[in-house]
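Note sheet for the following structure.
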Amino acid sequence: MASMIEVKDLTKIFGQRGAACRALHEVSFEIDMGAFVAVMGPSGSGKTTLLNIISSIDKPTKGRVIIGGREISTLKEKELALFRRDMIGFVFQEFNLLDNMTIRDNIALPLTLNNKKTEEILRKVRELTVLFGIDDQLDKYPYQLSGGQKQRAAVCRALVNDPKILFADEPTGALDSKAASELLACFQNITNKYATTVVMVTHDASAASYCDRVLFLKDGMISSKLETNGNAKEFFKKILNMIALLGGERNERL
């Protein structure tokens, strides 16, 4: 299968000389198109720094990030803005929905800003909300929805432009176990239906057990990797054991 993301010798140093802090050190890996990958590690291991760099929010001190065959560090600012719009979707722990807009309008906003035709917008919004099980909530406002429903609406908004990659930073952090499970099942659905690549930073072993692969960071380096054999409970136990070895928090919401 073709690689969607290639990370080569990625290093990130914050500060200078005596005050320098090495957040990432020569990190290398590849992620296939349509894969669902978790990044885990103890606090301060470099998870969010890695996500920020591979999603083009930040730049590395050294190393290369290649997405869809294009090295993102070579793109000029205008090219990078178009690249983000067309290739990348973002989901965060906070839902970031606009309270004065309906769920339909929140999800449709990126397409509206891109001057898409109304028929196309409504079709795409309907398609995604059916897939995510919130098609009966479109006329409501964010404050009328549960946390799980709001997060699924936020994911629909992130996907409405048909990005090739969805980056998710602790997307289940504010959800209860049922809502988290529903969201993660939706992530699995989009990798299968659209071949969207999902990269998720999480501290939650239960969330990571839904993934195809888990990359573990420690002290800014890839310390180990796990791949599922299709048995989620077995994968969950392996993830917990690895977290214990790395000295991370054991979140056992499964």
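Chains: A, B, ... in order of the structure tokens. Residues: from 1 per chain. Ligands: from 1, in order shown.
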
- Extract the full set of strand (DSSP E) residues from stretch 147-240 of chain A according to DSSP on the backbone, and format it as a list in words.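 Selection result, strand (DSSP E) within stretch 147-240 of chain A: Ile165, Leu166, Phe167, Ala168, Asp169, Thr197, Val198, Val199, Met200, Val201, Arg213, Val214, Leu215, Phe216, Leu217, Lys218, Met221, Ile222, Ser223, Ser224, Lys225, Leu226 and Glu227 of chain A.
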
Keeping only N, CA and C atoms, write the selected residues to a file as a compact mmCIF listing (two decimals), in the first residue's frame.
# COMPACT_ATOMS: atom_id res chain seq x y z
N ILE A 165 -6.07 13.34 4.96
CA ILE A 165 -5.58 13.00 6.30
C ILE A 165 -6.39 13.75 7.35
N LEU A 166 -6.73 13.05 8.43
CA LEU A 166 -7.38 13.68 9.58
C LEU A 166 -6.43 13.56 10.76
N PHE A 167 -6.02 14.71 11.32
CA PHE A 167 -5.18 14.74 12.51
C PHE A 167 -6.08 15.02 13.71
N ALA A 168 -5.97 14.17 14.73
CA ALA A 168 -6.84 14.30 15.90
C ALA A 168 -5.98 14.35 17.16
N ASP A 169 -6.11 15.43 17.92
CA ASP A 169 -5.33 15.61 19.15
C ASP A 169 -6.24 15.38 20.35
N THR A 197 -6.67 8.76 5.92
CA THR A 197 -5.65 8.40 6.90
C THR A 197 -5.93 9.18 8.18
N VAL A 198 -6.00 8.49 9.32
CA VAL A 198 -6.26 9.14 10.60
C VAL A 198 -5.04 8.97 11.51
N VAL A 199 -4.52 10.10 12.00
CA VAL A 199 -3.40 10.09 12.95
C VAL A 199 -3.89 10.75 14.23
N MET A 200 -3.88 9.99 15.31
CA MET A 200 -4.48 10.44 16.57
C MET A 200 -3.47 10.40 17.71
N VAL A 201 -3.28 11.54 18.37
CA VAL A 201 -2.52 11.58 19.61
C VAL A 201 -3.48 11.28 20.75
N ARG A 213 -2.33 0.63 14.24
CA ARG A 213 -0.94 0.65 14.71
C ARG A 213 -0.78 1.74 15.75
N VAL A 214 0.12 1.53 16.69
CA VAL A 214 0.43 2.53 17.71
C VAL A 214 1.93 2.79 17.71
N LEU A 215 2.29 4.07 17.64
CA LEU A 215 3.68 4.49 17.76
C LEU A 215 3.87 5.07 19.16
N PHE A 216 4.88 4.58 19.87
CA PHE A 216 5.15 5.03 21.23
C PHE A 216 6.38 5.93 21.24
N LEU A 217 6.20 7.12 21.79
CA LEU A 217 7.31 8.08 21.92
C LEU A 217 7.80 8.11 23.36
N LYS A 218 9.10 8.24 23.49
CA LYS A 218 9.69 8.49 24.81
C LYS A 218 10.93 9.34 24.61
N MET A 221 11.81 10.30 21.00
CA MET A 221 12.19 9.28 20.03
C MET A 221 11.13 8.17 19.98
N ILE A 222 11.03 7.50 18.84
CA ILE A 222 10.14 6.34 18.74
C ILE A 222 10.78 5.20 19.53
N SER A 223 10.12 4.81 20.61
CA SER A 223 10.69 3.75 21.45
C SER A 223 10.22 2.37 21.05
N SER A 224 9.00 2.30 20.48
CA SER A 224 8.46 1.01 20.06
C SER A 224 7.21 1.22 19.22
N LYS A 225 6.76 0.14 18.59
CA LYS A 225 5.57 0.16 17.75
C LYS A 225 4.78 -1.12 17.99
N LEU A 226 3.47 -1.02 17.90
CA LEU A 226 2.60 -2.18 17.99
C LEU A 226 1.62 -2.16 16.83
N GLU A 227 1.29 -3.34 16.31
CA GLU A 227 0.28 -3.46 15.27
C GLU A 227 -0.79 -4.44 15.73

- Could you tell me, as a ChimeraX atom specification, which residues of stretch 106-251 of chain A DSSP assigns to alpha helix (DSSP H) when given the backbone? /A:106-113,118-131,147-159,177-194,205-208,232-246

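Among the candidate residues A:Thr228, A:Asn106, A:Ser206, A:Asn100, the one lying nearest to A:Tyr143 is A:Asn100, with distances computed using only C-alpha atoms.
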
- Got a sec: who's within 12 Å of A:Ile239, counting only C-alpha atoms, leaving out chain neighbours fewer than 2 positions off, as a VMD selection string? chain A and resid 38 to 41 202 to 211 213 to 216 224 to 228 232 to 237 241 to 246 248 to 252 254

Deliver the residues from the most recent selection as a file, using C-alpha atoms, as a JSON list (two decimals), in the first residue's frame.
[["chain", "number", "residue", "atom", "x", "y", "z"],
["A", 38, "ALA", "CA", -2.22, 6.36, 17.32],
["A", 39, "VAL", "CA", 0.74, 8.23, 18.81],
["A", 40, "MET", "CA", 1.22, 7.61, 22.53],
["A", 41, "GLY", "CA", 3.81, 8.34, 25.19],
["A", 202, "THR", "CA", -3.98, 9.97, 22.72],
["A", 203, "HIS", "CA", -3.08, 8.95, 26.25],
["A", 204, "ASP", "CA", -6.01, 6.52, 26.32],
["A", 205, "ALA", "CA", -5.17, 2.85, 25.75],
["A", 206, "SER", "CA", -8.82, 2.11, 24.99],
["A", 207, "ALA", "CA", -8.85, 4.70, 22.20],
["A", 208, "ALA", "CA", -5.56, 3.40, 20.81],
["A", 209, "SER", "CA", -6.94, -0.16, 20.68],
["A", 210, "TYR", "CA", -9.25, 0.90, 17.82],
["A", 211, "CYS", "CA", -6.22, 1.72, 15.67],
["A", 213, "ARG", "CA", -0.94, 0.65, 14.71],
["A", 214, "VAL", "CA", 0.43, 2.53, 17.71],
["A", 215, "LEU", "CA", 3.68, 4.49, 17.76],
["A", 216, "PHE", "CA", 5.15, 5.03, 21.23],
["A", 224, "SER", "CA", 8.46, 1.01, 20.06],
["A", 225, "LYS", "CA", 5.57, 0.16, 17.75],
["A", 226, "LEU", "CA", 2.60, -2.18, 17.99],
["A", 227, "GLU", "CA", 0.28, -3.46, 15.27],
["A", 228, "THR", "CA", -3.14, -5.00, 15.80],
["A", 232, "ALA", "CA", -9.14, -5.31, 20.04],
["A", 233, "LYS", "CA", -9.06, -6.74, 23.60],
["A", 234, "GLU", "CA", -5.71, -8.41, 23.03],
["A", 235, "PHE", "CA", -4.35, -5.24, 21.42],
["A", 236, "PHE", "CA", -5.62, -3.21, 24.39],
["A", 237, "LYS", "CA", -3.67, -5.41, 26.82],
["A", 241, "ASN", "CA", 1.76, -3.32, 28.98],
["A", 242, "MET", "CA", 3.77, -1.02, 26.73],
["A", 243, "ILE", "CA", 2.53, 2.07, 28.56],
["A", 244, "ALA", "CA", 3.61, 0.48, 31.86],
["A", 245, "LEU", "CA", 7.07, -0.20, 30.44],
["A", 246, "LEU", "CA", 7.37, 3.42, 29.30],
["A", 248, "GLY", "CA", 3.05, 6.44, 31.25],
["A", 249, "GLU", "CA", -0.42, 6.80, 32.69],
["A", 250, "ARG", "CA", -2.66, 3.74, 32.48],
["A", 251, "ASN", "CA", -6.05, 4.86, 31.29],
["A", 252, "GLU", "CA", -8.26, 1.77, 31.30],
["A", 254, "LEU", "CA", -12.31, -0.13, 27.86]]

- Message: I need the residue nearest A:Asp136 from this list: A:Arg17, A:Lys116, A:Arg104, A:Lys238. Use only C-alpha atoms for the distance.
- Response: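 Selected residue with least distance to A:Asp136: A:Arg104.
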
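The coordinates place atom CA of A:Phe187 at 19.1 Å from atom CA of A:Leu97.
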
A:Ile31 environment, 8 Å, only C-alpha atoms, sequence neighbours closer than 3 positions dropped, as a PDB file with C-alpha atoms, in the first residue's frame:
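File written: out-v9.pdb
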ATOM      1  CA  SER A   3       2.579   5.718   1.954  1.00  0.00           C
ATOM      2  CA  MET A   4       0.540   8.818   2.724  1.00  0.00           C
ATOM      3  CA  ILE A   5       2.971  10.216   5.307  1.00  0.00           C
ATOM      4  CA  GLU A   6       6.751   9.807   5.356  1.00  0.00           C
ATOM      5  CA  ALA A  35      -4.382   3.692   8.068  1.00  0.00           C
ATOM      6  CA  VAL A  37      -2.560   5.273  13.707  1.00  0.00           C
TER       7      VAL A  37
END
